[in-house]
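Participant: Dumping the structure here so I can ask a few things about it.
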Amino acid sequence: VFLSSQRRSELSGCATAWARSTDQLLEAAAQGDEAGVERWLQAGAEANVGSASHDNWTGLHYAAQRGDVPVADALLRHGAEIEAITGRGRGCLHLAAQEGREKHVALIELLLNHGAYVNLQTPWGSTALQDAAYLGHVGVVQALLKHGACPHIEDQDGRNAWDVALAEREDDTLDVIKDHVLAGLQARVRLALACCWHPQLGRGSPLRFLEQHLIHSVLARMPHGVSRGSAARIYRHLKQTERRRVRALLAAAASARDRGGDAAPSATAASTVR
């Protein structure tokens, strides 16, 4: 198709203006200029174009690294891709998790509330949770776990968030992940007791059943890298806690038999036992 020189000049001018507006948008996002970001977006700048000179970072990547909630919110309202990755394979969650200040926790909450995938992995398998665990960013770890981050996902070296925290940290980061894992393990124990309860158990040894279940089921699910001493301490904690619940179930079963009832007690009968 033949185009006149005037038309070619017009199209070239449009392309130049578009590229300029996009460059200005990236610069405004990198500097935390919310008004500038809004202005260039309204002028037609593309929210998802990456910087050719900075590892294909988009405006949302800059906002994530800065922990800039207003800029990130503006970009998301104009269609910014929440799962965009940099040239090195990092997502917005990774960039925010590596910084870890309170404003970055707020930024992470914003991204997750907009549907960001909490377990996104880099090409080498690292998640935002692993990055935060490695750097000791407790607030980020708590936020990610609250939104469903999995502490058992492994990177290319076979390490998960628990392993990273265990190897690198001696602070509250490890305790946060440990408490999260413990809560999950205790929930599994209570579910198993509820599912496996039957009348014969009351005449046998439910505490022995519990102990076998903890050994063969719970410890089998412990994260990699846990030392034998740590595993033993966690096992004893779980055993002591759950034995009290089993004793309460037995008492409820005995009471039911005394009243002539045949139904097995529900696991929730011991839910108030601590």
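Labeling convention for the structure tokens: chains A, B, ... as they appear, residues from 1 per chain, ligands from 1 in order of appearance.
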Do you know which residues are at most 7 Å from Thr173 of chain A counting only C-alpha atoms, after dropping those on the same chain fewer than 6 positions away, and could you put them as number ranges by chain?
Facilitator: A: 133, 136-138, 165
Participant: Residues within 12 Å of segment 112-114 of chain A, please, as a ChimeraX atom specification. Count only C-alpha atoms; anything in the same chain fewer than 6 positions from it doesn't count.
Facilitator: /A:72-73,75-77,79-83,92-93,96,105-106,120,128,143-149
Participant: Segment 33-50 of chain A: which residues within 6 Å, counting only C-alpha atoms, same-chain residues fewer than 5 positions away excluded, as a list of chain:residue names?
Facilitator: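 The filter keeps A:Ser21, A:Thr22, A:Leu25, A:Ala28, A:Asn56, A:Trp57, A:Thr58, A:Val71, A:Ala80.
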Participant: Kindly give the distance, in Å, that separates atom CA of Asn160 of chain A and atom CA of Leu111 of chain A, rounded to a single decimal.
Facilitator: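 Answer for the atom CA of Asn160 of chain A to atom CA of Leu111 of chain A separation: 22.6 Å.
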Participant: Could you give me, as a list in words, the residues within 12 Å of Asp157 of chain A, counting only C-alpha atoms and dropping anything in the same chain fewer than 6 positions from it?
Facilitator: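 The filter keeps Pro123, Trp124, Gly125, Ser126, Asp163, Val164 and His224 of chain A.
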Participant: Kindly indicate which residue among A:Leu129, A:Ala30, A:Leu174, A:Ile85 lies nearest to Cys150 of chain A, using only C-alpha atoms for the distances.
Facilitator: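 Selected residue with least distance to Cys150 of chain A: A:Leu129.
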Participant: Pick out the residues sitting within 6 Å of Gly59 of chain A, and hand them over as a PDB file with all heavy atoms, in the first residue's frame; count only C-alpha atoms, and ignore anything fewer than 3 positions along from it in its own chain.
Facilitator:
ATOM      1  N   LEU A  26       7.186   5.208  32.535  1.00  0.00           N
ATOM      2  CA  LEU A  26       8.129   4.376  33.286  1.00  0.00           C
ATOM      3  C   LEU A  26       8.976   5.234  34.224  1.00  0.00           C
ATOM      4  O   LEU A  26       9.232   4.846  35.373  1.00  0.00           O
ATOM      5  CB  LEU A  26       9.028   3.596  32.326  1.00  0.00           C
ATOM      6  CG  LEU A  26       8.343   2.486  31.511  1.00  0.00           C
ATOM      7  CD1 LEU A  26       9.292   1.931  30.459  1.00  0.00           C
ATOM      8  CD2 LEU A  26       7.856   1.376  32.430  1.00  0.00           C
ATOM      9  N   ALA A  29       6.815   6.254  37.182  1.00  0.00           N
ATOM     10  CA  ALA A  29       6.618   5.136  38.104  1.00  0.00           C
ATOM     11  C   ALA A  29       7.878   4.866  38.917  1.00  0.00           C
ATOM     12  O   ALA A  29       7.813   4.599  40.124  1.00  0.00           O
ATOM     13  CB  ALA A  29       6.209   3.884  37.330  1.00  0.00           C
ATOM     14  N   TYR A  62       8.401  -1.274  39.048  1.00  0.00           N
ATOM     15  CA  TYR A  62       9.002  -0.161  39.794  1.00  0.00           C
ATOM     16  C   TYR A  62       8.187   0.139  41.055  1.00  0.00           C
ATOM     17  O   TYR A  62       8.749   0.358  42.143  1.00  0.00           O
ATOM     18  CB  TYR A  62       9.084   1.087  38.918  1.00  0.00           C
ATOM     19  CG  TYR A  62      10.122   1.026  37.834  1.00  0.00           C
ATOM     20  CD1 TYR A  62       9.741   0.979  36.495  1.00  0.00           C
ATOM     21  CD2 TYR A  62      11.478   1.028  38.136  1.00  0.00           C
ATOM     22  CE1 TYR A  62      10.699   0.930  35.481  1.00  0.00           C
ATOM     23  CE2 TYR A  62      12.445   0.970  37.131  1.00  0.00           C
ATOM     24  CZ  TYR A  62      12.039   0.924  35.808  1.00  0.00           C
ATOM     25  OH  TYR A  62      12.989   0.874  34.819  1.00  0.00           O
TER      26      TYR A  62
END
Participant: Please identify all polymer residues within 9 Å of Leu135 of chain A, counting only C-alpha atoms, omitting same-chain residues fewer than 4 positions from it, and present them as a ChimeraX atom specification.
Facilitator: /A:97-100,130-131,165,168-169,173
Participant: Quick check for you: according to DSSP on this backbone, which residues of segment 47-82 of chain A are classed as helix (DSSP H, G or I)? Reply as a list in words.
Facilitator: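 Listing helix (DSSP H, G or I) positions across segment 47-82 of chain A yields Gly59, Leu60, His61, Tyr62, Ala63, Ala64, Gln65, Arg66, Val69, Pro70, Val71, Ala72, Asp73, Ala74, Leu75, Leu76 and Arg77 of chain A.
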